[in-house]
Amino acid sequence: MLQQIQSYLKFQWNATSEHGVHSPFVFDLVRNCFYDTTNYEEYEVLDNYRNQLLNDHNTIEVTDFGADSRVFKSNTREIAAIAKNAGISRKRAQLLFRLVRYFQPTEILEIGTSLGLATSALALGNKNSTITTLEGCPSTSQKSKEESQKFGFKNIEFITTEFSSYLNNLKLETLNKTNQKNFDCIYFDGNHSKKATLEYFETLLPSITNETIWIFDDIHWSQDMEEAWEIIKDHPKVTVTIDTFQWGLVFFRKEQNKEHFCIKTEQNLSSMFFEKIRI
(Lines give C-alpha, C1' and ligand atoms only; values in the text may rest on other atoms or scores of the structure.)
Protein backbone atom coordinates (compact mmCIF):
# COMPACT_ATOMS: atom_id res chain seq x y z
CA MET A 1 0.00 0.00 0.00
CA LEU A 2 2.76 2.47 0.95
CA GLN A 3 4.61 1.77 -2.28
CA GLN A 4 1.48 2.52 -4.33
CA ILE A 5 0.81 5.76 -2.47
CA GLN A 6 4.37 6.89 -3.09
CA SER A 7 4.12 5.94 -6.76
CA TYR A 8 0.84 7.81 -7.09
CA LEU A 9 2.25 10.99 -5.55
CA LYS A 10 5.30 10.78 -7.82
CA PHE A 11 3.04 10.32 -10.83
CA GLN A 12 0.91 13.31 -9.85
CA TRP A 13 4.05 15.43 -9.58
CA ASN A 14 5.36 14.41 -13.02
CA ALA A 15 2.16 13.99 -15.03
CA THR A 16 0.93 16.52 -17.53
CA SER A 17 -1.91 17.05 -20.00
CA GLU A 18 -1.58 17.53 -23.76
CA HIS A 19 -0.31 21.08 -23.14
CA GLY A 20 2.96 19.73 -21.78
CA VAL A 21 3.58 17.41 -24.74
CA HIS A 22 5.86 18.49 -27.59
CA SER A 23 5.69 15.28 -29.64
CA PRO A 24 3.07 15.67 -32.43
CA PHE A 25 2.35 11.92 -32.32
CA VAL A 26 1.69 11.89 -28.58
CA PHE A 27 -0.09 15.28 -28.60
CA ASP A 28 -2.58 14.04 -31.19
CA LEU A 29 -3.11 10.78 -29.29
CA VAL A 30 -3.78 12.59 -26.01
CA ARG A 31 -6.01 15.26 -27.49
CA ASN A 32 -8.05 13.12 -29.89
CA CYS A 33 -8.15 9.83 -27.99
CA PHE A 34 -7.41 10.26 -24.29
CA TYR A 35 -9.48 13.45 -24.06
CA ASP A 36 -12.14 12.52 -26.58
CA THR A 37 -15.44 13.32 -24.83
CA THR A 38 -17.73 11.83 -27.49
CA ASN A 39 -20.48 9.68 -25.99
CA TYR A 40 -20.06 6.67 -28.27
CA GLU A 41 -23.00 4.31 -28.61
CA GLU A 42 -20.62 1.42 -27.87
CA TYR A 43 -20.33 2.72 -24.30
CA GLU A 44 -23.89 1.53 -23.68
CA VAL A 45 -22.92 -1.96 -24.86
CA LEU A 46 -19.93 -1.94 -22.50
CA ASP A 47 -22.19 -0.83 -19.62
CA ASN A 48 -24.73 -3.54 -20.38
CA TYR A 49 -21.98 -6.17 -20.49
CA ARG A 50 -20.67 -4.96 -17.13
CA ASN A 51 -24.13 -4.83 -15.53
CA GLN A 52 -24.87 -8.37 -16.70
CA LEU A 53 -21.84 -9.57 -14.74
CA LEU A 54 -22.50 -7.35 -11.72
CA ASN A 55 -25.95 -8.91 -11.41
CA ASP A 56 -24.66 -12.48 -11.67
CA HIS A 57 -24.37 -13.93 -8.16
CA ASN A 58 -23.40 -17.43 -9.23
CA THR A 59 -20.00 -18.66 -8.10
CA ILE A 60 -17.17 -20.23 -10.07
CA GLU A 61 -13.92 -21.92 -9.08
CA VAL A 62 -11.05 -19.67 -10.13
CA THR A 63 -7.55 -20.86 -10.87
CA ASP A 64 -4.94 -18.16 -10.17
CA PHE A 65 -1.60 -18.38 -11.97
CA GLY A 66 -0.33 -14.83 -11.44
CA ALA A 67 0.00 -12.45 -8.52
CA ASP A 68 -2.29 -13.25 -5.61
CA SER A 69 -5.50 -11.28 -5.25
CA ARG A 70 -5.56 -8.56 -2.59
CA VAL A 71 -9.30 -9.07 -2.04
CA PHE A 72 -10.22 -12.72 -2.52
CA LYS A 73 -9.15 -15.26 0.08
CA SER A 74 -10.81 -18.23 -1.60
CA ASN A 75 -10.78 -19.58 -5.14
CA THR A 76 -14.58 -19.97 -5.01
CA ARG A 77 -15.72 -16.54 -6.10
CA GLU A 78 -18.96 -14.81 -6.99
CA ILE A 79 -19.00 -13.57 -10.59
CA ALA A 80 -20.38 -10.19 -9.53
CA ALA A 81 -17.53 -9.77 -7.03
CA ILE A 82 -14.90 -10.62 -9.65
CA ALA A 83 -16.39 -8.07 -12.05
CA LYS A 84 -16.50 -5.41 -9.31
CA ASN A 85 -13.08 -5.96 -7.75
CA ALA A 86 -10.84 -7.46 -10.42
CA GLY A 87 -12.30 -6.31 -13.72
CA ILE A 88 -11.33 -3.25 -15.73
CA SER A 89 -13.22 -0.15 -14.60
CA ARG A 90 -15.92 1.55 -16.67
CA LYS A 91 -13.72 4.55 -17.51
CA ARG A 92 -10.73 2.43 -18.45
CA ALA A 93 -12.90 0.19 -20.63
CA GLN A 94 -14.03 3.30 -22.49
CA LEU A 95 -10.44 4.47 -22.90
CA LEU A 96 -9.38 1.03 -24.16
CA PHE A 97 -12.23 1.18 -26.67
CA ARG A 98 -11.03 4.62 -27.83
CA LEU A 99 -7.44 3.45 -28.17
CA VAL A 100 -8.48 0.64 -30.48
CA ARG A 101 -10.82 2.96 -32.35
CA TYR A 102 -7.98 5.48 -32.75
CA PHE A 103 -5.25 3.09 -33.93
CA GLN A 104 -7.52 0.58 -35.72
CA PRO A 105 -5.37 -2.52 -35.17
CA THR A 106 -6.56 -5.56 -37.09
CA GLU A 107 -4.85 -8.30 -35.05
CA ILE A 108 -5.14 -7.91 -31.28
CA LEU A 109 -3.78 -10.15 -28.52
CA GLU A 110 -5.05 -9.98 -24.95
CA ILE A 111 -3.08 -11.77 -22.25
CA GLY A 112 -5.57 -12.33 -19.44
CA THR A 113 -9.25 -12.51 -20.41
CA SER A 114 -10.80 -12.75 -16.94
CA LEU A 115 -14.54 -12.09 -17.46
CA GLY A 116 -14.07 -10.29 -20.76
CA LEU A 117 -14.71 -6.70 -19.69
CA ALA A 118 -11.58 -5.48 -21.48
CA THR A 119 -12.09 -8.01 -24.27
CA SER A 120 -15.44 -6.46 -25.13
CA ALA A 121 -13.84 -3.00 -25.33
CA LEU A 122 -11.14 -4.33 -27.66
CA ALA A 123 -13.73 -6.03 -29.85
CA LEU A 124 -15.96 -2.97 -30.14
CA GLY A 125 -13.09 -0.59 -30.92
CA ASN A 126 -12.59 -2.20 -34.32
CA LYS A 127 -15.31 -4.65 -35.31
CA ASN A 128 -13.22 -5.74 -38.30
CA SER A 129 -10.34 -6.84 -36.09
CA THR A 130 -9.56 -10.31 -34.79
CA ILE A 131 -9.11 -10.62 -31.03
CA THR A 132 -7.11 -13.53 -29.64
CA THR A 133 -7.59 -13.61 -25.87
CA LEU A 134 -5.71 -15.92 -23.52
CA GLU A 135 -6.90 -17.09 -20.10
CA GLY A 136 -5.39 -19.70 -17.82
CA CYS A 137 -8.52 -20.29 -15.76
CA PRO A 138 -11.06 -22.53 -17.57
CA SER A 139 -14.03 -21.24 -15.55
CA THR A 140 -13.52 -17.54 -16.25
CA SER A 141 -12.60 -18.22 -19.87
CA GLN A 142 -15.83 -20.16 -20.38
CA LYS A 143 -17.88 -17.47 -18.65
CA SER A 144 -16.43 -14.69 -20.81
CA LYS A 145 -17.05 -16.77 -23.93
CA GLU A 146 -20.69 -17.27 -22.94
CA GLU A 147 -21.17 -13.57 -22.25
CA SER A 148 -19.58 -12.52 -25.54
CA GLN A 149 -21.93 -14.83 -27.41
CA LYS A 150 -24.92 -13.20 -25.70
CA PHE A 151 -23.74 -9.82 -26.97
CA GLY A 152 -23.02 -11.06 -30.49
CA PHE A 153 -19.26 -10.50 -30.53
CA LYS A 154 -18.02 -12.48 -33.52
CA ASN A 155 -14.40 -11.33 -33.73
CA ILE A 156 -13.04 -12.96 -30.54
CA GLU A 157 -11.10 -16.23 -30.29
CA PHE A 158 -10.98 -17.53 -26.70
CA ILE A 159 -8.00 -19.73 -25.83
CA THR A 160 -7.62 -21.40 -22.45
CA THR A 161 -3.90 -21.84 -21.97
CA GLU A 162 -0.89 -21.19 -19.81
CA PHE A 163 0.45 -17.90 -21.19
CA SER A 164 4.15 -18.77 -21.50
CA SER A 165 3.39 -22.01 -23.30
CA TYR A 166 1.25 -20.27 -25.91
CA LEU A 167 3.68 -17.40 -26.40
CA ASN A 168 6.72 -19.66 -26.71
CA ASN A 169 4.99 -21.61 -29.46
CA LEU A 170 4.08 -18.32 -31.12
CA LYS A 171 7.72 -17.24 -30.99
CA LEU A 172 8.81 -20.43 -32.72
CA GLU A 173 6.28 -19.79 -35.46
CA THR A 174 7.59 -16.25 -35.90
CA LEU A 175 11.22 -17.32 -36.05
CA ASN A 176 10.44 -20.08 -38.52
CA LYS A 177 8.27 -17.73 -40.63
CA THR A 178 5.56 -20.39 -40.54
CA ASN A 179 1.98 -19.35 -39.77
CA GLN A 180 3.41 -16.01 -38.68
CA LYS A 181 0.98 -13.80 -36.79
CA ASN A 182 2.02 -10.24 -36.05
CA PHE A 183 -0.23 -8.50 -33.54
CA ASP A 184 -0.82 -4.77 -34.07
CA CYS A 185 -1.96 -4.36 -30.48
CA ILE A 186 -1.23 -6.40 -27.35
CA TYR A 187 -2.96 -5.83 -24.02
CA PHE A 188 -0.92 -7.35 -21.17
CA ASP A 189 -3.23 -8.06 -18.24
CA GLY A 190 -2.15 -11.47 -17.04
CA ASN A 191 0.58 -12.38 -14.59
CA HIS A 192 1.52 -9.13 -12.81
CA SER A 193 5.05 -10.09 -11.85
CA LYS A 194 8.38 -8.74 -13.05
CA LYS A 195 9.64 -12.11 -14.24
CA ALA A 196 6.53 -13.01 -16.24
CA THR A 197 6.06 -9.52 -17.69
CA LEU A 198 9.64 -9.37 -18.98
CA GLU A 199 9.38 -12.92 -20.35
CA TYR A 200 6.25 -11.98 -22.31
CA PHE A 201 7.93 -8.78 -23.51
CA GLU A 202 11.05 -10.56 -24.80
CA THR A 203 9.10 -13.44 -26.33
CA LEU A 204 6.84 -11.14 -28.33
CA LEU A 205 9.51 -8.67 -29.51
CA PRO A 206 10.08 -10.52 -32.83
CA SER A 207 6.47 -9.73 -33.78
CA ILE A 208 6.68 -5.92 -33.53
CA THR A 209 6.20 -3.52 -36.43
CA ASN A 210 6.48 0.24 -36.63
CA GLU A 211 2.75 0.57 -35.91
CA THR A 212 2.61 -1.79 -32.94
CA ILE A 213 1.07 -0.61 -29.66
CA TRP A 214 1.53 -2.55 -26.43
CA ILE A 215 -0.48 -1.78 -23.30
CA PHE A 216 0.77 -3.03 -19.94
CA ASP A 217 -1.74 -3.04 -17.09
CA ASP A 218 -0.84 -2.36 -13.45
CA ILE A 219 2.65 -0.99 -14.02
CA HIS A 220 2.60 0.44 -10.47
CA TRP A 221 1.04 -2.67 -8.88
CA SER A 222 4.24 -3.38 -6.95
CA GLN A 223 7.90 -2.44 -6.83
CA ASP A 224 8.45 -5.61 -8.86
CA MET A 225 6.21 -4.32 -11.66
CA GLU A 226 7.74 -0.86 -11.53
CA GLU A 227 11.17 -2.42 -12.04
CA ALA A 228 9.83 -4.34 -15.04
CA TRP A 229 8.38 -1.11 -16.45
CA GLU A 230 11.73 0.68 -16.17
CA ILE A 231 13.51 -2.17 -17.97
CA ILE A 232 10.91 -2.06 -20.76
CA LYS A 233 11.32 1.71 -21.13
CA ASP A 234 15.09 1.33 -21.45
CA HIS A 235 14.96 -1.37 -24.13
CA PRO A 236 16.67 -0.13 -27.34
CA LYS A 237 13.71 -1.10 -29.54
CA VAL A 238 11.29 0.98 -27.46
CA THR A 239 11.06 4.58 -28.63
CA VAL A 240 8.00 6.10 -26.93
CA THR A 241 6.27 5.19 -23.69
CA ILE A 242 3.28 6.75 -21.94
CA ASP A 243 2.63 6.19 -18.25
CA THR A 244 -1.02 6.81 -17.33
CA PHE A 245 -0.43 5.42 -13.83
CA GLN A 246 -2.71 2.43 -14.41
CA TRP A 247 -1.28 1.58 -17.82
CA GLY A 248 2.04 1.76 -19.61
CA LEU A 249 1.74 2.28 -23.37
CA VAL A 250 4.73 1.24 -25.49
CA PHE A 251 5.53 2.18 -29.09
CA PHE A 252 8.31 1.08 -31.43
CA ARG A 253 8.17 3.90 -33.99
CA LYS A 254 11.62 4.14 -35.59
CA GLU A 255 11.10 7.73 -36.74
CA GLN A 256 10.55 8.92 -33.14
CA ASN A 257 13.20 10.09 -30.73
CA LYS A 258 13.21 8.11 -27.50
CA GLU A 259 10.84 9.87 -25.09
CA HIS A 260 8.89 8.92 -21.98
CA PHE A 261 5.69 10.68 -20.94
CA CYS A 262 3.48 10.72 -17.84
CA ILE A 263 0.00 11.69 -18.98
CA LYS A 264 -3.17 12.30 -17.00
CA THR A 265 -6.18 10.73 -18.62
CA GLU A 266 -9.63 12.31 -18.47
CA GLN A 267 -10.40 10.29 -15.35
CA ASN A 268 -10.34 11.76 -11.89
CA LEU A 269 -6.95 10.50 -10.77
CA SER A 270 -7.90 10.26 -7.10
CA SER A 271 -10.84 8.00 -7.92
CA MET A 272 -8.68 5.92 -10.21
CA PHE A 273 -6.04 5.49 -7.54
CA PHE A 274 -8.40 4.27 -4.85
CA GLU A 275 -10.10 2.03 -7.39
CA LYS A 276 -6.71 0.56 -8.21
CA ILE A 277 -5.47 -0.18 -4.71
CA ARG A 278 -8.55 -2.10 -3.64
CA ILE A 279 -7.54 -5.11 -5.73
# chains A, B, ... in the order shown; residues from 1 in each chain; ligands from 1

$ select_by_dssp --residues "region 98-218 of chain A" --states "strand (DSSP E or B)" --output "MDAnalysis selection string"
chainID A and resid 107:111 130:135 156:160 185:188 213:217

$ residues_around --residues "Ala228 (chain A)" --least-positions-apart "2" --cutoff "12 Å" --atoms "only C-alpha atoms" --output "list in words"
His192, Ser193, Lys194, Lys195, Ala196, Thr197, Leu198, Glu199, Tyr200, Phe201, Glu202, Phe216, Asp217, Asp218, Ile219, His220, Trp221, Ser222, Gln223, Asp224, Met225, Glu226, Glu230, Ile231, Ile232, Lys233, Asp234, His235 and Gly248 of chain A

$ residues_around --residues "Thr119 (chain A)" --least-positions-apart "4" --cutoff "8 Å" --atoms "only C-alpha atoms" --output "NGL selection string"
:A and (110 or 113 or 123 or 131 or 133)

$ write_last_selection --atoms "N, CA and C atoms" --output "tab-separated table (two decimals), in the first residue's frame"
chain	number	residue	atom	x	y	z
A	110	GLU	N	-4.83	-10.33	-26.35
A	110	GLU	CA	-5.05	-9.98	-24.95
A	110	GLU	C	-4.52	-11.11	-24.09
A	113	THR	N	-7.87	-12.83	-20.04
A	113	THR	CA	-9.25	-12.51	-20.41
A	113	THR	C	-10.09	-12.11	-19.20
A	123	ALA	N	-12.93	-5.55	-28.72
A	123	ALA	CA	-13.73	-6.03	-29.85
A	123	ALA	C	-14.57	-4.92	-30.47
A	131	ILE	N	-9.63	-10.64	-32.39
A	131	ILE	CA	-9.11	-10.62	-31.03
A	131	ILE	C	-8.75	-12.04	-30.64
A	133	THR	N	-7.69	-13.89	-27.31
A	133	THR	CA	-7.59	-13.61	-25.87
A	133	THR	C	-7.25	-14.88	-25.12

$ closest_residue --among "A:Phe158, A:Phe97, A:Phe25, A:Phe183" --to "Glu146 (chain A)" --atoms "only C-alpha atoms"
A:Phe158

$ closest_residue --among "A:Asn32, A:Ser148, A:Ser23, A:Thr160" --to "Gln256 (chain A)" --atoms "only C-alpha atoms"
A:Ser23

$ residues_around --residues "region 13-19 of chain A" --least-positions-apart "6" --cutoff "10 Å" --atoms "only C-alpha atoms" --output "JSON, numbers by chain"
{"A": [7, 26, 27, 28, 29, 30, 31, 32, 34, 35, 243, 244, 245, 261, 262, 263, 264, 265, 266]}

$ closest_residue --among "A:Thr63, A:Gln94, A:Asn58, A:Thr239" --to "Thr161 (chain A)" --atoms "only C-alpha atoms"
A:Thr63

$ closest_residue --among "A:Glu147, A:Asp184, A:Asp189, A:Glu162" --to "Gln52 (chain A)" --atoms "only C-alpha atoms"
A:Glu147

$ closest_residue --among "A:Pro236, A:Gly116, A:Gly20, A:Gly152" --to "Leu134 (chain A)" --atoms "only C-alpha atoms"
A:Gly116

$ residues_around --residues "region 75-91 of chain A" --least-positions-apart "2" --cutoff "6 Å" --atoms "only C-alpha atoms" --output "PyMOL selection string"
chain A and resi 53-54+56-62+93-94+279

$ atom_distance --atom1 "CA of Lys237 (chain A)" --atom2 "CA of Ile111 (chain A)"
21.2 Å

$ closest_residue --among "A:Leu115, A:Cys33, A:Val240, A:Ile156" --to "Tyr102 (chain A)" --atoms "only C-alpha atoms"
A:Cys33
